[in-house]
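Structure first, commentary second.
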Amino acid sequence: MKFKLNANKINSCLLGTSLALFSQLASADVILHAFDWKYSEVAAKAAEIAEIGYKEVLVAPPLKSDSNNSQWWARYQPQDLRVIDNNRGNKEDFQNMINALNAHGVKTYADIVINQTANERGNSTYFPGADTINDYMNNSGYWEKQKLFGDLSNNLYTPGDFHAEFCISDWTSVWESMNGRICGGNGDRGLPDLDPNDWVRAQQRSYLQAIKNMGVKGFRIDAAKHMTTWHINQVFTDSIKQDMYLFAEIITGAGSGNIDYDTFLEPYLRETTHSAYDFPLLKTLRDAFSSNGSLTALANPKSWGGAIDGMRALTFTITHDIPSNDGFRYQIMSETNEHLAYAYILGRQEGVPMVFSDATGVDNGRWVNDYKQDNLKAMVKFHNSVQGADEEVLYSDQCALVFRRGQAGLVGINKCGYNKDINIDASGLKQSASYADVFTGASFEVNSNSYTINIPASSARMWLADGEVVIINPTNVDVNFTCNNGYTNMGDSVYAVGDQAELGNWQAASAVKLNPASYPVWTGSISLPANTNIAWKCIIRNETNPSNVIQWQSGADNTVNTGTGASTTGGF
C-alpha cells in the first residue's frame, strides 16, 4: 500500500466516535434504493414514498457525468465533482428532489463515487478536459447554477493526481485494487484511478460538504474496496459524518474465511465507524433458501459469522450490481426466495434494510416499481410497526423459521413446497390479542401459552397484534391445489407450476412441491394474488435435479379465478 496505517490514531478515532456511531447506526428505517431514477421522478413520487413507509431514499450519484449516455454505469464515471449535471438531472433537479422528500419527512441519501473518474475519449488522464472548460465558459450562466464548489475556469485534476496506468488483474490483491484501474477488457484502458494526495482529498471533502449543505443526510460509498481506510477516514471527517448515515459497498462472496471478506470488508469494519452492505448475510440467505439449505441458519447468523454486526449492517436481497454484471449474477435468488428473504430482513431486528427498485429494466423489468409491490408495502408496514421490539426465535428447522418481535408481531417463513403446522411458545405474545397477517388479513387470537400456526407452502406470514397498524387490504389469498393420480418413483414428487411468479412462471425448476399425505393424491395451499385468473398444471419432477421433469399433465391447462380464496384440481 502507498499509505501506512497508524493503528493508534485509528483506535483513538474509533473510541472518540463510539457514541456518535451508536446514534448514527441505531435507526433501522427502511431505505428505498431508487436505482437510476430521475431526480424529478423521485420528487414527483415523494408523497407516495412516504405514505408507503420509506424513511430514506438512496438516489443516483450527484455529479457531472455524460448527460447524453442513458446507461446506468455512466453515472459511476465522474467527469467533475464540482457540478451536478447528468442523465438523471442537474443541481436544480437534485435540490428540488431533496426539498420534496423533506416536505414529506423522507431523507435523501446520495451515492458517492470518489475513487475514479471517467476516461474521456479513452485516452485522457484528468477531468474535466479542455472541451468541458470551454463549455463552462461559453455557458457560464447555466453552469454557475449547477456548481457545488470551486473555480470552473480550471481543470479539477492534473495528471499528477492519478495513479500510474494499469488495469487490475488480481481482484484479491489489496495493492492492485487500490492503485489500479477498473477496465472492461478488449483493450479498454480503464477508468483513471485517483491518488489520494492532499489536493484530491481536499476536493473530495469540499464535494461531500457541498451536497451535505444541500440537505443530503447519508452517503453510500461506491467501490470502497478501491480506497484505503486511511483515505476514507481522511475524507469522511467527523464534521462531514455528523448526523449522517454512511455505508460502503464492498462486495464479498461470504463472511469470515472468504478472501474478499478477510482482505477488504473485515479491515474496513475494523478501521472505520461506517456501515457496510451485509454480503455475508446475503450468502447465508441464498444458502438457507436453497433446496439443500436449512432455515435454522437464519436463527442467529451473526453468532457463527453468517452476518456482520447488526449495528453495522445494511441488509438487502438484491443490489444493482448483481443482475447487471455477469460476475455477480450467481447471487440472484428466485422470485419466491427473494420474497421470503425480504420477509426475513424486514421482519428481523438486526440491520438496516434496503429495498431495491430499478429503473433500468434489467431482466425484463423484474425489479421495476418493486418499491410499491403490494407484498413489499405490507412488509414495510410490518417493519415500521415493530421498530424497537426485541426478537426471539420460537422455531426453526430446514423448512421453516418463526420468530416474534416483542409482543408486537410474529414472523413465519416456510420455504418448502407443503404447508407447515408449527406449535410455538406463545407466552411472549400478547394474550387475548388478535394477530392479523399483513398479506392476507387472516387473523388468530392468542389465549394460552402455546399456539399452532399454519404457514402455507413457499410463503411468509407476518402477523401484527391488534392496534399496532392498519392492515393493508388483502391482496393475496390461499388457493388449495390438488393433483390426482400422482404415482411417483423414489426421489420424484408432484409439483404445481403455472403462469404466476408464485407458481414458477411455467419454469419447472421454480414449481411448488405438493404434499403426498393422501398418496397418490397430492395437495398444497399456495398464496396467490386475489381475484386473478390463473393457469396451471401438475408435473412430476425430480426433487434434487429441478431440470429433470418426468411427466407433464396432458391436455389443456387447469384454470381458476383465485377470488378471495379458491380450490382447483388437476391430475395425470
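Quick note on naming: the chains in the C-alpha cells go A, B, ... in the order shown, residues restart at 1 in each chain, and ligands are numbered from 1 in order of appearance.
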
Could you pull out the helix (DSSP H, G or I) residues of region 282-419 of chain A from DSSP and send them as a VMD selection string? chain A and resid 282 to 288 295 to 298 301 to 304 321 to 324 326 to 331 335 to 347 362 to 365 370 to 372 374 to 385

Write out as a PyMOL selection string all residues of region 323-525 of chain A that backbone DSSP assigns to strand (DSSP E). chain A and resi 352-358+391-396+400-405+409-414+420-425+433-437+443-446+450-455+459-465+476-484+492-498+512-513+515-518+521-525

Once you have the residues from the selection above, write them out as a PDB file, in the first residue's frame, restricted to C-alpha atoms.
```pdb
ATOM      1  CA  VAL A 352     -30.910  -1.513   8.288  1.00  0.00           C
ATOM      2  CA  PRO A 353     -32.973  -2.980   5.410  1.00  0.00           C
ATOM      3  CA  MET A 354     -32.967  -1.612   1.876  1.00  0.00           C
ATOM      4  CA  VAL A 355     -35.497  -2.265  -0.903  1.00  0.00           C
ATOM      5  CA  PHE A 356     -34.208  -2.213  -4.488  1.00  0.00           C
ATOM      6  CA  SER A 357     -36.458  -0.634  -7.129  1.00  0.00           C
ATOM      7  CA  ASP A 358     -34.919  -0.497 -10.576  1.00  0.00           C
ATOM      8  CA  GLU A 391     -36.529 -10.549  18.801  1.00  0.00           C
ATOM      9  CA  GLU A 392     -36.877 -14.172  19.895  1.00  0.00           C
ATOM     10  CA  VAL A 393     -36.693 -17.217  17.633  1.00  0.00           C
ATOM     11  CA  LEU A 394     -39.534 -19.598  18.521  1.00  0.00           C
ATOM     12  CA  TYR A 395     -38.932 -22.358  15.984  1.00  0.00           C
ATOM     13  CA  SER A 396     -36.537 -23.342  13.210  1.00  0.00           C
ATOM     14  CA  ALA A 400     -39.323 -23.081   8.484  1.00  0.00           C
ATOM     15  CA  LEU A 401     -38.380 -20.216  10.766  1.00  0.00           C
ATOM     16  CA  VAL A 402     -40.659 -18.484  13.272  1.00  0.00           C
ATOM     17  CA  PHE A 403     -39.688 -15.520  15.425  1.00  0.00           C
ATOM     18  CA  ARG A 404     -41.553 -12.907  17.396  1.00  0.00           C
ATOM     19  CA  ARG A 405     -40.872  -9.189  17.649  1.00  0.00           C
ATOM     20  CA  GLY A 409     -45.550  -9.070  15.814  1.00  0.00           C
ATOM     21  CA  LEU A 410     -44.803 -12.599  14.691  1.00  0.00           C
ATOM     22  CA  VAL A 411     -42.955 -13.730  11.537  1.00  0.00           C
ATOM     23  CA  GLY A 412     -43.281 -17.176   9.968  1.00  0.00           C
ATOM     24  CA  ILE A 413     -41.372 -18.297   6.860  1.00  0.00           C
ATOM     25  CA  ASN A 414     -41.816 -21.651   5.075  1.00  0.00           C
ATOM     26  CA  LYS A 420     -46.373 -26.366   7.855  1.00  0.00           C
ATOM     27  CA  ASP A 421     -48.334 -26.533  11.108  1.00  0.00           C
ATOM     28  CA  ILE A 422     -45.998 -25.340  13.855  1.00  0.00           C
ATOM     29  CA  ASN A 423     -46.685 -25.282  17.570  1.00  0.00           C
ATOM     30  CA  ILE A 424     -44.979 -22.295  19.203  1.00  0.00           C
ATOM     31  CA  ASP A 425     -44.416 -20.977  22.702  1.00  0.00           C
ATOM     32  CA  ALA A 433     -54.895 -10.250  21.306  1.00  0.00           C
ATOM     33  CA  SER A 434     -55.790 -10.752  17.670  1.00  0.00           C
ATOM     34  CA  TYR A 435     -52.770 -11.166  15.384  1.00  0.00           C
ATOM     35  CA  ALA A 436     -53.517 -10.287  11.748  1.00  0.00           C
ATOM     36  CA  ASP A 437     -51.355 -11.175   8.744  1.00  0.00           C
ATOM     37  CA  SER A 443     -56.025 -13.439  11.963  1.00  0.00           C
ATOM     38  CA  PHE A 444     -55.822 -15.630  15.049  1.00  0.00           C
ATOM     39  CA  GLU A 445     -56.224 -14.962  18.762  1.00  0.00           C
ATOM     40  CA  VAL A 446     -53.760 -15.919  21.482  1.00  0.00           C
ATOM     41  CA  SER A 450     -48.948 -22.296  23.199  1.00  0.00           C
ATOM     42  CA  TYR A 451     -50.452 -21.933  19.780  1.00  0.00           C
ATOM     43  CA  THR A 452     -50.241 -23.783  16.456  1.00  0.00           C
ATOM     44  CA  ILE A 453     -49.745 -21.569  13.431  1.00  0.00           C
ATOM     45  CA  ASN A 454     -50.049 -22.557   9.783  1.00  0.00           C
ATOM     46  CA  ILE A 455     -47.651 -21.304   7.127  1.00  0.00           C
ATOM     47  CA  SER A 459     -44.808 -18.446   1.778  1.00  0.00           C
ATOM     48  CA  ALA A 460     -44.261 -15.980   4.572  1.00  0.00           C
ATOM     49  CA  ARG A 461     -46.696 -14.721   7.165  1.00  0.00           C
ATOM     50  CA  MET A 462     -46.185 -11.526   9.170  1.00  0.00           C
ATOM     51  CA  TRP A 463     -48.785 -11.121  11.906  1.00  0.00           C
ATOM     52  CA  LEU A 464     -49.277  -7.868  13.817  1.00  0.00           C
ATOM     53  CA  ALA A 465     -51.022  -7.519  17.168  1.00  0.00           C
ATOM     54  CA  ASN A 476     -53.067 -12.362  -1.702  1.00  0.00           C
ATOM     55  CA  VAL A 477     -55.277 -15.342  -0.877  1.00  0.00           C
ATOM     56  CA  ASP A 478     -54.650 -19.016  -0.199  1.00  0.00           C
ATOM     57  CA  VAL A 479     -55.579 -21.358  -3.060  1.00  0.00           C
ATOM     58  CA  ASN A 480     -55.829 -25.123  -2.455  1.00  0.00           C
ATOM     59  CA  PHE A 481     -54.235 -27.254  -5.188  1.00  0.00           C
ATOM     60  CA  THR A 482     -54.902 -30.961  -5.798  1.00  0.00           C
ATOM     61  CA  CYS A 483     -53.140 -33.277  -8.248  1.00  0.00           C
ATOM     62  CA  ASN A 484     -54.739 -36.721  -8.651  1.00  0.00           C
ATOM     63  CA  ASP A 492     -39.562 -37.762  -7.556  1.00  0.00           C
ATOM     64  CA  SER A 493     -42.506 -35.635  -6.392  1.00  0.00           C
ATOM     65  CA  VAL A 494     -45.550 -33.864  -7.797  1.00  0.00           C
ATOM     66  CA  TYR A 495     -45.384 -30.104  -8.235  1.00  0.00           C
ATOM     67  CA  ALA A 496     -47.751 -27.323  -9.314  1.00  0.00           C
ATOM     68  CA  VAL A 497     -46.446 -24.951 -11.995  1.00  0.00           C
ATOM     69  CA  GLY A 498     -48.249 -22.084 -13.705  1.00  0.00           C
ATOM     70  CA  VAL A 512     -44.171 -25.629  -5.904  1.00  0.00           C
ATOM     71  CA  LYS A 513     -43.920 -29.091  -4.380  1.00  0.00           C
ATOM     72  CA  ASN A 515     -47.795 -32.880  -0.148  1.00  0.00           C
ATOM     73  CA  PRO A 516     -48.406 -36.656  -0.665  1.00  0.00           C
ATOM     74  CA  ALA A 517     -50.299 -37.139   2.613  1.00  0.00           C
ATOM     75  CA  SER A 518     -53.113 -38.913   0.681  1.00  0.00           C
ATOM     76  CA  VAL A 521     -53.339 -37.539  -4.306  1.00  0.00           C
ATOM     77  CA  TRP A 522     -51.004 -34.566  -3.789  1.00  0.00           C
ATOM     78  CA  THR A 523     -52.239 -31.336  -2.208  1.00  0.00           C
ATOM     79  CA  GLY A 524     -50.985 -27.940  -1.114  1.00  0.00           C
ATOM     80  CA  SER A 525     -52.078 -24.406  -0.284  1.00  0.00           C
TER      81      SER A 525
END
```

Quick one: residues within 10 Å of region 253-267 of chain A, only C-alpha atoms counted, chain neighbours fewer than 5 positions away excluded, as JSON, numbers by chain? {"A": [171, 172, 173, 174, 177, 224, 225, 226, 227, 228, 229, 248, 272, 276, 277, 278, 279, 280, 281, 282, 283, 284, 302, 304, 305, 306, 307, 308, 328, 331]}

Distance in Å - CA of Ser324 (chain A) versus CA of Leu528 (chain A):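 Interatomic distance, CA of Ser324 (chain A) to CA of Leu528 (chain A): 29.0 Å.
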
Near region 369-387 of chain A, 8 Å: region 39-71 of chain A residue rows, closest pairs, only C-alpha atoms, as a tab-separated table:
```
residue	atom	partner	partner_atom	distance
A:Ile52	CA	A:Lys377	CA	6.0
A:Gly53	CA	A:Val380	CA	6.2
A:Tyr54	CA	A:Val380	CA	7.4
```

Env of region 107-110 of chain A: 7 Å cut, atoms = only C-alpha atoms, seq-sep filter 5 positions within chain, self excluded. Answer as a ChimeraX atom specification. /A:55-62,98,101-102,216-220

I'd like the contact shell of Lys241 (chain A) - 10 Å cut-off, only C-alpha atoms, skipping same-chain residues fewer than 3 positions apart - returned as a count of residues only. 18

Just want the 12 Å neighbourhood of Cys183 (chain A), counted on only C-alpha atoms, with same-chain residues fewer than 5 positions away dropped. Output as an MDAnalysis selection string. chainID A and resid 116 118:119 122 165:169 171 177 188:193

Distance CA of Arg181 (chain A)-CA of Thr319 (chain A), one decimal place?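 Taking CA of Arg181 (chain A) as the start and CA of Thr319 (chain A) as the end point, the length is 22.5 Å.
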
Gap from CA of Tyr487 (chain A) to CA of Pro520 (chain A) - Å, one decimal: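 Between CA of Tyr487 (chain A) and CA of Pro520 (chain A) the gap works out to 5.6 Å.
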
Under the rule that only C-alpha atoms are counted, which of A:Ile31, A:Ile211, A:Ala556, A:Ile332 is the nearest residue to Trp367 (chain A)?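 Closest candidate: A:Ile332.
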
Find the residues around region 531-542 of chain A up to 7 Å (only C-alpha atoms counted), leave out those fewer than 3 positions away in its own chain, and share them as a PyMOL selection string. chain A and resi 483+491-499+545-546+548-553+557-564+570-571
